[in-house]
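K.L.:
coords.txt (compact mmCIF, C-alpha atoms and all ligand atoms) pasted underneath:
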# COMPACT_ATOMS: atom_id res chain seq x y z
CA MET B 1 0.00 0.00 0.00
CA ASN B 2 1.46 3.38 -0.99
CA LEU B 3 -0.06 6.24 1.02
CA THR B 4 2.09 8.95 -0.57
CA ILE B 5 0.18 12.03 -1.71
CA THR B 6 0.83 12.48 -5.40
CA ASP B 7 -1.77 15.10 -6.23
CA VAL B 8 -3.93 17.66 -4.44
CA ARG B 9 -6.91 19.32 -6.12
CA LEU B 10 -8.58 22.47 -4.82
CA THR B 11 -11.95 23.40 -6.27
CA PRO B 12 -13.62 26.60 -5.08
CA ILE B 13 -17.36 26.59 -5.70
CA LEU B 14 -20.41 28.76 -5.15
CA VAL B 15 -23.49 27.05 -3.72
CA ALA B 16 -27.04 28.34 -3.52
CA ASP B 17 -28.08 29.79 -0.18
CA PRO B 18 -31.55 31.05 0.79
CA PRO B 19 -32.12 34.58 2.16
CA LEU B 20 -31.46 33.70 5.80
CA LEU B 21 -31.34 36.66 8.17
CA ASN B 22 -28.89 37.25 10.99
CA THR B 23 -27.77 40.25 12.97
CA GLN B 24 -25.22 41.24 10.32
CA GLY B 25 -27.65 41.18 7.40
CA VAL B 26 -28.79 38.41 5.10
CA HIS B 27 -27.11 35.52 3.34
CA GLN B 28 -26.02 36.15 -0.25
CA PRO B 29 -27.74 34.01 -2.92
CA TYR B 30 -24.55 32.00 -3.41
CA THR B 31 -21.86 31.26 -0.89
CA PRO B 32 -18.27 30.06 -1.34
CA ARG B 33 -16.95 26.65 -0.25
CA LEU B 34 -13.68 24.92 -1.04
CA ILE B 35 -13.59 21.25 -2.00
CA VAL B 36 -10.25 19.56 -1.29
CA GLU B 37 -9.11 16.30 -2.88
CA VAL B 38 -5.93 14.42 -2.01
CA VAL B 39 -4.84 11.61 -4.30
CA THR B 40 -2.47 8.81 -3.23
CA ALA B 41 0.11 6.94 -5.31
CA ASP B 42 -2.34 4.01 -5.38
CA GLY B 43 -4.96 6.24 -7.02
CA ILE B 44 -7.17 6.63 -3.94
CA THR B 45 -8.89 10.01 -3.63
CA GLY B 46 -9.94 11.52 -0.30
CA VAL B 47 -12.29 14.50 -0.09
CA GLY B 48 -12.62 17.36 2.36
CA GLU B 49 -14.48 20.64 2.53
CA THR B 50 -13.90 24.00 4.19
CA TYR B 51 -14.57 27.72 3.82
CA GLY B 52 -13.98 29.00 0.33
CA ASP B 53 -13.50 32.76 0.81
CA ALA B 54 -10.34 34.34 -0.65
CA LYS B 55 -8.53 34.45 2.70
CA TYR B 56 -8.78 30.65 2.97
CA LEU B 57 -7.97 30.00 -0.68
CA GLU B 58 -4.79 32.03 -0.49
CA LEU B 59 -3.56 29.77 2.34
CA ALA B 60 -4.90 26.53 0.89
CA ARG B 61 -2.93 26.90 -2.34
CA PRO B 62 0.61 27.10 -0.88
CA PHE B 63 -0.43 24.53 1.73
CA ALA B 64 -1.50 22.09 -0.99
CA GLU B 65 1.82 22.53 -2.80
CA ARG B 66 3.67 21.36 0.31
CA LEU B 67 1.64 18.19 0.73
CA LYS B 68 2.86 16.32 -2.31
CA GLY B 69 5.23 13.54 -1.28
CA ARG B 70 3.87 13.37 2.28
CA GLN B 71 1.77 10.47 3.65
CA VAL B 72 -2.01 10.73 4.07
CA SER B 73 -1.46 9.07 7.45
CA ASP B 74 0.75 11.94 8.65
CA LEU B 75 -2.06 13.96 10.19
CA ASN B 76 0.12 15.62 12.83
CA GLY B 77 2.42 16.80 10.06
CA LEU B 78 -0.42 18.88 8.59
CA PHE B 79 -0.09 21.32 11.49
CA THR B 80 3.67 21.62 10.97
CA VAL B 81 3.11 22.32 7.29
CA ALA B 82 0.45 24.92 8.12
CA ASP B 83 2.77 26.75 10.50
CA ARG B 84 5.07 27.43 7.58
CA VAL B 85 2.36 29.07 5.46
CA ALA B 86 2.47 32.84 5.86
CA VAL B 87 -0.76 34.68 6.70
CA ASP B 88 -1.17 38.17 5.26
CA ALA B 89 -1.38 40.54 8.26
CA SER B 90 -4.25 42.47 6.67
CA ARG B 91 -6.40 39.33 6.93
CA VAL B 92 -6.38 39.45 10.71
CA GLU B 93 -6.39 43.19 11.24
CA ASN B 94 -10.07 43.43 12.13
CA ALA B 95 -9.68 40.53 14.52
CA VAL B 96 -13.22 39.21 14.00
CA ASP B 97 -14.36 36.35 11.80
CA VAL B 98 -17.22 36.89 9.27
CA GLY B 99 -18.29 40.26 10.59
CA GLY B 100 -18.16 38.89 14.12
CA LEU B 101 -20.31 35.76 13.73
CA ARG B 102 -17.53 33.30 14.48
CA GLY B 103 -15.46 35.05 17.15
CA VAL B 104 -11.85 36.18 16.87
CA GLN B 105 -9.86 36.07 13.67
CA THR B 106 -6.24 35.07 14.21
CA ALA B 107 -3.55 33.80 11.88
CA ASP B 108 -3.65 30.42 13.61
CA LYS B 109 -7.41 30.14 13.33
CA LEU B 110 -7.15 30.88 9.61
CA ARG B 111 -4.52 28.18 9.24
CA LEU B 112 -6.60 25.69 11.24
CA SER B 113 -9.63 26.42 9.05
CA VAL B 114 -7.56 25.29 6.09
CA VAL B 115 -5.89 22.34 7.84
CA SER B 116 -9.32 20.93 8.69
CA GLY B 117 -10.32 20.51 5.04
CA PHE B 118 -7.09 18.64 4.32
CA GLU B 119 -7.27 16.57 7.50
CA VAL B 120 -10.73 15.33 6.52
CA ALA B 121 -9.52 14.56 2.98
CA CYS B 122 -6.51 12.63 4.35
CA LEU B 123 -8.72 10.68 6.76
CA ASP B 124 -11.10 9.84 3.91
CA ALA B 125 -8.21 8.59 1.75
CA LEU B 126 -6.62 6.69 4.65
CA GLY B 127 -9.92 5.05 5.55
CA LYS B 128 -10.47 3.98 1.95
CA ALA B 129 -6.94 2.59 1.77
CA LEU B 130 -7.34 0.62 5.02
CA GLY B 131 -10.96 -0.38 4.45
CA LEU B 132 -12.02 1.48 7.62
CA PRO B 133 -14.63 4.19 8.21
CA VAL B 134 -13.33 7.55 9.47
CA HIS B 135 -14.91 7.01 12.89
CA ALA B 136 -12.75 3.87 13.30
CA LEU B 137 -9.63 5.94 12.54
CA LEU B 138 -10.77 8.28 15.33
CA GLY B 139 -11.05 5.47 17.85
CA GLY B 140 -14.46 4.07 16.99
CA LYS B 141 -18.07 5.16 17.20
CA VAL B 142 -19.94 5.08 20.49
CA ARG B 143 -23.32 5.62 18.78
CA ASP B 144 -24.84 4.53 15.46
CA ALA B 145 -26.57 7.81 14.64
CA VAL B 146 -25.93 11.47 15.47
CA GLU B 147 -28.74 13.80 16.38
CA TYR B 148 -29.08 17.23 14.78
CA SER B 149 -31.37 20.14 15.62
CA ALA B 150 -33.57 22.13 13.28
CA TYR B 151 -31.70 25.36 12.54
CA LEU B 152 -34.51 27.90 12.21
CA PHE B 153 -33.87 31.25 10.59
CA TYR B 154 -35.91 34.35 10.06
CA LYS B 155 -35.99 34.55 6.30
CA TRP B 156 -37.55 36.27 3.34
CA ALA B 157 -39.57 34.33 0.79
CA GLY B 158 -36.89 35.07 -1.79
CA HIS B 159 -33.78 37.10 -2.50
CA PRO B 160 -34.45 40.69 -3.61
CA GLU B 161 -36.10 41.20 -7.01
CA GLY B 162 -33.65 41.16 -9.88
CA VAL B 163 -30.86 39.39 -7.97
CA PRO B 164 -29.89 36.12 -9.70
CA ALA B 165 -30.74 33.36 -7.23
CA GLU B 166 -32.18 29.87 -6.88
CA LYS B 167 -35.72 29.68 -5.50
CA ASP B 168 -36.51 27.82 -2.28
CA ASP B 169 -39.79 26.37 -1.08
CA TRP B 170 -39.53 27.33 2.60
CA GLY B 171 -41.50 30.55 2.34
CA ALA B 172 -41.01 33.61 4.53
CA ALA B 173 -40.55 33.56 8.31
CA VAL B 174 -40.52 37.02 9.82
CA ASP B 175 -42.78 36.59 12.84
CA PRO B 176 -43.66 33.95 15.46
CA ALA B 177 -46.23 32.24 13.23
CA GLY B 178 -43.72 32.02 10.37
CA VAL B 179 -41.08 30.57 12.70
CA VAL B 180 -43.48 27.91 14.01
CA GLU B 181 -44.50 27.04 10.45
CA GLN B 182 -40.85 26.66 9.46
CA ALA B 183 -40.26 24.44 12.51
CA ARG B 184 -43.19 22.24 11.49
CA ARG B 185 -41.72 21.79 8.04
CA PHE B 186 -38.39 20.85 9.58
CA THR B 187 -40.06 18.17 11.67
CA GLU B 188 -42.10 16.87 8.73
CA ARG B 189 -39.15 16.75 6.37
CA TYR B 190 -36.38 15.62 8.70
CA GLY B 191 -37.91 14.55 12.00
CA PHE B 192 -35.93 17.01 14.13
CA THR B 193 -37.07 17.24 17.72
CA SER B 194 -34.98 20.16 18.98
CA PHE B 195 -34.95 23.67 17.56
CA LYS B 196 -32.49 26.52 17.39
CA LEU B 197 -33.63 29.96 16.29
CA LYS B 198 -31.07 32.34 14.84
CA GLY B 199 -31.86 35.59 16.61
CA GLY B 200 -30.40 39.09 16.79
CA VAL B 201 -32.57 40.00 13.81
CA PHE B 202 -35.63 41.62 15.41
CA PRO B 203 -35.98 43.47 18.72
CA PRO B 204 -35.67 40.96 21.58
CA ASP B 205 -39.39 41.08 22.50
CA GLU B 206 -40.28 39.72 19.05
CA GLU B 207 -37.76 36.92 19.39
CA ILE B 208 -39.00 36.11 22.90
CA ALA B 209 -42.49 35.83 21.40
CA ALA B 210 -41.18 33.47 18.70
CA ILE B 211 -39.56 31.18 21.28
CA LYS B 212 -42.72 31.20 23.38
CA ALA B 213 -44.73 30.28 20.29
CA LEU B 214 -42.33 27.39 19.61
CA ALA B 215 -42.62 26.25 23.24
CA GLU B 216 -46.37 26.20 22.89
CA ALA B 217 -46.32 24.38 19.55
CA PHE B 218 -43.66 21.85 20.64
CA PRO B 219 -44.09 21.45 24.40
CA GLY B 220 -41.12 19.91 26.17
CA HIS B 221 -38.83 20.02 23.12
CA PRO B 222 -35.33 21.47 23.57
CA LEU B 223 -35.20 25.10 22.32
CA ARG B 224 -32.27 27.46 21.80
CA LEU B 225 -31.96 31.10 20.79
CA ASP B 226 -28.75 32.54 19.31
CA PRO B 227 -28.52 36.32 18.68
CA ASN B 228 -24.77 36.16 17.92
CA GLY B 229 -23.86 38.53 20.74
CA ALA B 230 -26.33 41.24 19.70
CA TRP B 231 -27.57 42.00 23.22
CA SER B 232 -26.19 43.94 26.16
CA VAL B 233 -25.81 42.15 29.49
CA GLU B 234 -29.02 43.80 30.75
CA THR B 235 -31.01 42.69 27.69
CA SER B 236 -29.55 39.18 27.93
CA VAL B 237 -30.59 38.96 31.59
CA LYS B 238 -34.10 40.11 30.71
CA VAL B 239 -34.43 37.55 27.90
CA ALA B 240 -33.04 34.82 30.15
CA GLU B 241 -35.62 35.70 32.81
CA GLU B 242 -38.44 35.53 30.25
CA LEU B 243 -37.29 32.32 28.58
CA GLY B 244 -35.27 30.52 31.24
CA GLU B 245 -38.00 27.92 31.77
CA VAL B 246 -38.23 26.81 28.15
CA LEU B 247 -34.64 27.14 26.91
CA GLU B 248 -32.19 24.25 26.74
CA TYR B 249 -29.56 26.98 26.50
CA LEU B 250 -29.09 30.53 25.37
CA GLU B 251 -26.36 30.84 22.73
CA ASP B 252 -23.98 33.83 22.71
CA PRO B 253 -26.49 36.36 24.07
CA ALA B 254 -23.72 38.91 24.69
CA LEU B 255 -20.29 39.44 23.16
CA GLY B 256 -17.15 38.26 24.86
CA THR B 257 -16.23 36.23 27.91
CA PRO B 258 -16.67 38.96 30.59
CA ALA B 259 -20.22 39.75 29.40
CA MET B 260 -21.11 36.07 29.09
CA ALA B 261 -19.74 35.41 32.59
CA GLU B 262 -21.94 38.16 34.00
CA VAL B 263 -25.06 36.83 32.23
CA ALA B 264 -24.30 33.30 33.44
CA GLU B 265 -23.82 34.47 37.00
CA ARG B 266 -26.95 36.60 37.10
CA THR B 267 -29.34 34.17 35.41
CA GLY B 268 -28.24 30.58 35.91
CA VAL B 269 -29.50 29.83 32.39
CA PRO B 270 -26.94 27.60 30.59
CA LEU B 271 -24.99 29.53 27.98
CA ALA B 272 -23.55 28.02 24.81
CA THR B 273 -20.99 29.60 22.52
CA ASN B 274 -19.40 29.46 19.12
CA MET B 275 -18.12 33.00 19.54
CA CYS B 276 -16.27 33.59 22.80
CA VAL B 277 -14.53 30.19 22.79
CA THR B 278 -13.38 29.43 19.25
CA THR B 279 -9.71 28.67 19.95
CA PHE B 280 -7.87 26.69 22.61
CA ALA B 281 -6.34 29.95 23.89
CA GLU B 282 -9.77 31.27 24.91
CA ILE B 283 -10.73 28.25 27.01
CA ARG B 284 -8.94 29.02 30.25
CA GLU B 285 -10.56 32.39 30.94
CA ALA B 286 -14.04 31.34 29.81
CA PHE B 287 -14.07 28.11 31.81
CA THR B 288 -12.53 29.48 34.98
CA ARG B 289 -15.04 32.37 34.95
CA GLY B 290 -17.99 30.04 34.32
CA ALA B 291 -18.88 32.05 31.21
CA VAL B 292 -20.06 29.07 29.14
CA GLN B 293 -21.72 25.79 29.92
CA VAL B 294 -21.65 24.33 26.38
CA VAL B 295 -18.98 24.85 23.72
CA LEU B 296 -20.21 24.46 20.16
CA SER B 297 -17.27 23.01 18.35
CA ASP B 298 -16.81 23.47 14.64
CA HIS B 299 -14.20 21.16 13.17
CA HIS B 300 -13.58 23.66 10.37
CA TYR B 301 -12.06 26.32 12.57
CA TRP B 302 -10.90 24.19 15.50
CA GLY B 303 -8.50 22.45 13.10
CA GLY B 304 -10.21 19.20 12.23
CA LEU B 305 -11.77 16.08 13.67
CA ARG B 306 -8.97 15.13 16.04
CA ASN B 307 -8.79 18.66 17.46
CA THR B 308 -12.54 18.43 18.02
CA GLN B 309 -11.96 15.29 20.07
CA GLN B 310 -9.30 17.14 22.06
CA LEU B 311 -11.67 20.02 22.67
CA ALA B 312 -14.31 17.54 23.86
CA ALA B 313 -11.78 16.08 26.31
CA VAL B 314 -10.94 19.53 27.72
CA CYS B 315 -14.67 20.31 28.07
CA ARG B 316 -15.21 17.00 29.87
CA THR B 317 -12.38 17.83 32.28
CA PHE B 318 -14.05 21.12 33.21
CA GLY B 319 -17.59 19.73 33.32
CA VAL B 320 -18.54 21.88 30.32
CA GLY B 321 -20.84 20.37 27.69
CA VAL B 322 -19.90 20.07 24.04
CA SER B 323 -21.94 20.10 20.87
CA MET B 324 -21.50 21.37 17.32
CA HIS B 325 -21.83 24.67 15.53
CA SER B 326 -22.55 24.91 11.83
CA ASN B 327 -22.20 27.38 9.02
CA THR B 328 -23.32 26.81 5.49
CA HIS B 329 -21.77 23.47 4.53
CA LEU B 330 -22.27 20.56 2.19
CA GLY B 331 -22.51 16.80 2.60
CA ILE B 332 -18.76 16.18 2.89
CA SER B 333 -18.68 18.29 6.04
CA LEU B 334 -21.91 16.78 7.38
CA ALA B 335 -20.34 13.34 6.96
CA ALA B 336 -17.17 14.54 8.73
CA MET B 337 -19.21 16.10 11.57
CA THR B 338 -21.19 12.88 11.95
CA HIS B 339 -18.08 10.70 12.12
CA VAL B 340 -16.43 12.78 14.83
CA ALA B 341 -19.66 13.34 16.77
CA ALA B 342 -20.14 9.57 16.80
CA THR B 343 -16.85 9.21 18.71
CA VAL B 344 -17.52 11.82 21.42
CA PRO B 345 -18.84 9.94 24.47
CA ASP B 346 -20.60 12.77 26.27
CA LEU B 347 -22.46 14.53 23.49
CA HIS B 348 -25.69 15.49 25.21
CA HIS B 349 -27.08 18.15 22.86
CA ALA B 350 -28.25 17.79 19.27
CA CYS B 351 -25.69 19.29 16.86
CA ASP B 352 -26.40 22.25 14.58
CA SER B 353 -26.42 21.81 10.82
CA HIS B 354 -27.21 24.18 7.96
CA TYR B 355 -27.43 21.23 5.56
CA PRO B 356 -31.23 21.28 5.13
CA TRP B 357 -30.87 24.83 3.75
CA GLN B 358 -28.49 23.67 1.05
CA SER B 359 -30.43 22.50 -1.99
CA GLU B 360 -27.18 21.87 -3.88
CA ASP B 361 -24.39 19.43 -3.12
CA VAL B 362 -21.33 17.91 -4.75
CA LEU B 363 -22.20 14.31 -3.84
CA THR B 364 -23.77 11.59 -5.96
CA GLU B 365 -26.14 10.93 -3.05
CA ARG B 366 -27.24 13.43 -0.40
CA LEU B 367 -26.99 12.52 3.26
CA THR B 368 -30.38 12.07 4.90
CA PHE B 369 -31.86 12.78 8.33
CA GLU B 370 -34.14 10.11 9.82
CA GLY B 371 -35.89 11.14 12.99
CA GLY B 372 -33.53 14.14 13.11
CA LYS B 373 -30.48 11.87 13.01
CA VAL B 374 -27.79 11.03 10.48
CA ALA B 375 -26.75 7.38 10.51
CA VAL B 376 -23.02 6.87 11.06
CA SER B 377 -21.55 5.33 7.93
CA ASP B 378 -19.45 2.15 8.22
CA THR B 379 -18.29 2.40 4.61
CA PRO B 380 -14.52 2.94 4.28
CA GLY B 381 -13.55 6.62 4.55
CA LEU B 382 -16.28 9.21 4.98
CA GLY B 383 -18.77 7.11 3.01
CA VAL B 384 -19.52 9.80 0.42
CA GLU B 385 -18.89 9.99 -3.32
CA LEU B 386 -18.06 13.11 -5.29
CA ASP B 387 -20.30 13.95 -8.24
CA ARG B 388 -17.77 15.39 -10.65
CA ALA B 389 -20.34 16.93 -12.97
CA ARG B 390 -21.97 18.81 -10.06
CA LEU B 391 -18.58 19.89 -8.76
CA ALA B 392 -17.64 21.22 -12.20
CA ALA B 393 -20.94 23.11 -12.56
CA LEU B 394 -20.62 24.78 -9.15
CA HIS B 395 -16.99 25.61 -9.89
CA GLN B 396 -18.05 27.17 -13.18
CA ARG B 397 -20.43 29.40 -11.22
CA TRP B 398 -17.46 30.48 -9.08
CA LEU B 399 -15.37 31.15 -12.22
CA ASP B 400 -18.20 33.17 -13.76
CA ASP B 401 -18.63 35.35 -10.67
CA ASP B 402 -17.06 38.80 -10.88
CA GLY B 403 -15.79 38.48 -7.31
CA ALA B 404 -18.90 39.89 -5.59
CA LEU B 405 -19.86 36.51 -4.15
CA ARG B 406 -16.47 34.94 -3.61
CA ASP B 407 -16.27 36.40 -0.10
CA ARG B 408 -19.22 36.01 2.20
CA ASP B 409 -20.69 39.42 3.03
CA ASP B 410 -24.09 39.40 4.72
CA ALA B 411 -24.12 43.20 5.13
CA ALA B 412 -23.51 43.74 1.40
CA ALA B 413 -26.40 41.39 0.61
CA MET B 414 -28.65 43.36 2.97
CA ARG B 415 -27.70 46.65 1.28
CA ILE B 416 -29.28 45.41 -1.93
CA ALA B 417 -32.66 45.41 -0.17
CA ASP B 418 -31.88 48.34 2.12
CA PRO B 419 -29.22 50.72 0.73
CA GLU B 420 -28.97 52.47 4.10
CA TRP B 421 -27.95 49.27 5.89
CA VAL B 422 -24.72 49.36 7.87
CA THR B 423 -23.39 46.53 10.00
CA PRO B 424 -25.03 47.17 13.38
CA ALA B 425 -22.84 48.33 16.24
CA MET B 426 -22.85 45.81 19.10
CA PRO B 427 -24.63 45.46 21.42
CA ARG B 428 -27.51 46.18 19.08
CA TRP B 429 -30.14 45.97 21.82
O1 LIG K 1 -24.33 29.62 15.47
C1 LIG K 1 -23.86 30.57 14.90
O2 LIG K 1 -23.47 31.53 15.52
C2 LIG K 1 -23.77 30.55 13.44
O3 LIG K 1 -24.14 29.60 12.85
C3 LIG K 1 -23.21 31.67 12.74
C4 LIG K 1 -23.61 31.64 11.28
O4 LIG K 1 -22.81 32.53 10.58
C5 LIG K 1 -25.08 31.93 11.07
O5 LIG K 1 -25.43 33.02 11.85
C6 LIG K 1 -25.40 32.23 9.66
O6 LIG K 1 -24.98 31.45 8.79
O7 LIG K 1 -26.08 33.23 9.41
MG MG K 2 -23.98 30.62 17.38
For the file at hand, write its structure as structure tokens.
Ligand SMILES: O=C([O-])C(=O)C[C@H](O)[C@@H](O)C(=O)[O-]
Ligand SMILES: [Mg+2]
P.N.:
Amino acid sequence: MNLTITDVRLTPILVADPPLLNTQGVHQPYTPRLIVEVVTADGITGVGETYGDAKYLELARPFAERLKGRQVSDLNGLFTVADRVAVDASRVENAVDVGGLRGVQTADKLRLSVVSGFEVACLDALGKALGLPVHALLGGKVRDAVEYSAYLFYKWAGHPEGVPAEKDDWGAAVDPAGVVEQARRFTERYGFTSFKLKGGVFPPDEEIAAIKALAEAFPGHPLRLDPNGAWSVETSVKVAEELGEVLEYLEDPALGTPAMAEVAERTGVPLATNMCVTTFAEIREAFTRGAVQVVLSDHHYWGGLRNTQQLAAVCRTFGVGVSMHSNTHLGISLAAMTHVAATVPDLHHACDSHYPWQSEDVLTERLTFEGGKVAVSDTPGLGVELDRARLAALHQRWLDDDGALRDRDDAAAMRIADPEWVTPAMPRW
């Protein structure tokens, strides 16, 4: 068996995305992703997926060049290779990721976001070569299916008039009734039993009303609300008082560890985060101050599946829960998330996934949710197969774009509907 990497292919693509609202603005009609392929001397191809914006592409290219001749089994070596790839200082000047939706932006976090796509591709290739599923390479699954939650968004029925976009059949959701209707569709289509609402879009009272409407429509089901840090401590405390009884947890109500610690102390409502703890360096302060009770890992920016397992171990040590965050992603990443989640013993919360919002994929067969769960594949590697024609078509869309969509910009998308829109100063309420 020859595990030497002889070729690496990087394919940036644009995938359709519905008009989902968040505190920064609205999703653009197409969003970038990067598909990574590593090919071994034996002709085995492994696939991975990560963010596709320019700042990731410009690291992925020199990184890929350095992989040829290395072994797909040398996963630790990926981090050494990444350390040698220079990050342009201007990329980390603003110090926040995606307008602030994913916490700090550091050179290391950028590197890790690239490493993760390659790590998954190497694990896929290694698993195929050895005849083992990725979860076996990670130590073995402790469950046969991984539970996901319905990721509810306020949304418009369609992207603004005249903007080239794919249509979706979810309809609008801009009030409590619309949110409950969307939740019903999620349960009908996928069987989800827990619900997360992306908040920070409307004044808190409207979002409180939406959660109360969900609690009434789905009594006893786990509910979460995530305004991406859009509230002050006082507002967060007020929302926690109103919703404490029905929430499984409140996600990133306020920005930063000190504010989160104060909300946690004053309310006792469990707080989850994918914003104030997004790197290992942020763990110590957040955990010792009791600022978060659940860390939402994201293998893309934590540096891959094995780093996610390490994060889970640190969380376990501190008695902090762990679950998973999600941004727009395709089936390769859902498969990767499912493999690693299957190996984490104390996963007590359903994971987030944007996948139901993605009508397009690069796989021959989409992954499916049964009863809100994705079955853990025992097929060698990730258990997915690339559809080359789809990949080429979505890459062509990326090639045809004039650059406007190659970097995610939710505020720019909002300005098309509302020319006066500026990224809101935080806290917004
Ligand atoms: O849980 C979260 O904070 C997210 O998923 C952040 C994302 O960027 C989400 O807000 C989105 O895609 O609009
Ligand atoms: Mg969040």
K.L.:
Distance table requested - region 295-337 of chain B against region 21-44 of chain B, cut-off 10 Å, only C-alpha atoms: one row per qualifying residue with the closest atom pair and its distance in Å to one decimal, ordered by chain and rising residue number, as a tab-separated table.
P.N.:
residue	atom	partner	partner_atom	distance
B:Thr328	CA	B:Thr31	CA	7.9
B:His329	CA	B:Arg33	CA	7.5
B:Leu330	CA	B:Arg33	CA	8.4
B:Ile332	CA	B:Ile35	CA	8.7
B:Ser333	CA	B:Ile35	CA	10.0
K.L.:
Could you give me, as a ChimeraX atom specification, the residues within 12 Å of Tyr148 (chain B), counting all atoms listed in the file and dropping anything in the same chain fewer than 6 positions from it?
P.N.:
/B:186-187,190-196,222,323-326,334,337-338,341-342,347-356,368-375
K.L.:
Report as a PyMOL selection string all protein, DNA and RNA residues lying within 12 Å of Ala82 (chain B), evaluated on all atoms listed in the file, omitting residues in the same chain fewer than 3 positions from it.
P.N.:
chain B and resi 59-67+75-79+85-87+107-116+118-119+303
K.L.:
Nearest residue to Arg102 (chain B) out of B:His221, B:Arg266, B:Lys212, B:His300, using all atoms listed in the file?
P.N.:
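Answer, going by the shortest atom-to-atom distance: B:His300.
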K.L.:
I'd like the interatomic distance between CA of Ser90 (chain B) and CA of Ser232 (chain B), to a tenth of an Å.
P.N.:
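Between CA of Ser90 (chain B) and CA of Ser232 (chain B) the gap is 29.4 Å.
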K.L.:
Name the residues, by chain letter and number, that sit within 9 Å of ligand MG 2 (chain K) using all atoms listed in the file, and give them as a PyMOL selection string.
P.N.:
chain B and resi 101-102+198+225-229+251-252+272-275+296+325-326
K.L.:
Restricting the calculation to all atoms listed in the file: of B:Thr308, B:Gly381, B:Ala54, B:Pro18, which residue gets closest to Cys122 (chain B)?
P.N.:
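Once distances to Cys122 (chain B) are computed over all atoms listed in the file, the minimum belongs to B:Gly381.
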K.L.:
Rank nothing, just name the residue among B:Ile283, B:Ala413, B:Arg289, B:Val47 nearest to Thr317 (chain B), using all atoms listed in the file.
P.N.:
B:Ile283
K.L.:
Give me the box for region 151-158 of chain B as AutoDock Vina command-line options, namely the centre and edge lengths in Å to one decimal of a box along x, y and z that holds every listed atom plus 6 Å on each side.
P.N.:
--center_x -35.6 --center_y 30.8 --center_z 5.4 --size_x 19.9 --size_y 22.9 --size_z 26.3
K.L.:
Take CA of Asp83 (chain B) and CA of Val277 (chain B) and report the distance between them in Å, one decimal.
P.N.:
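Value for the CA of Asp83 (chain B)-CA of Val277 (chain B) distance: 21.5 Å.
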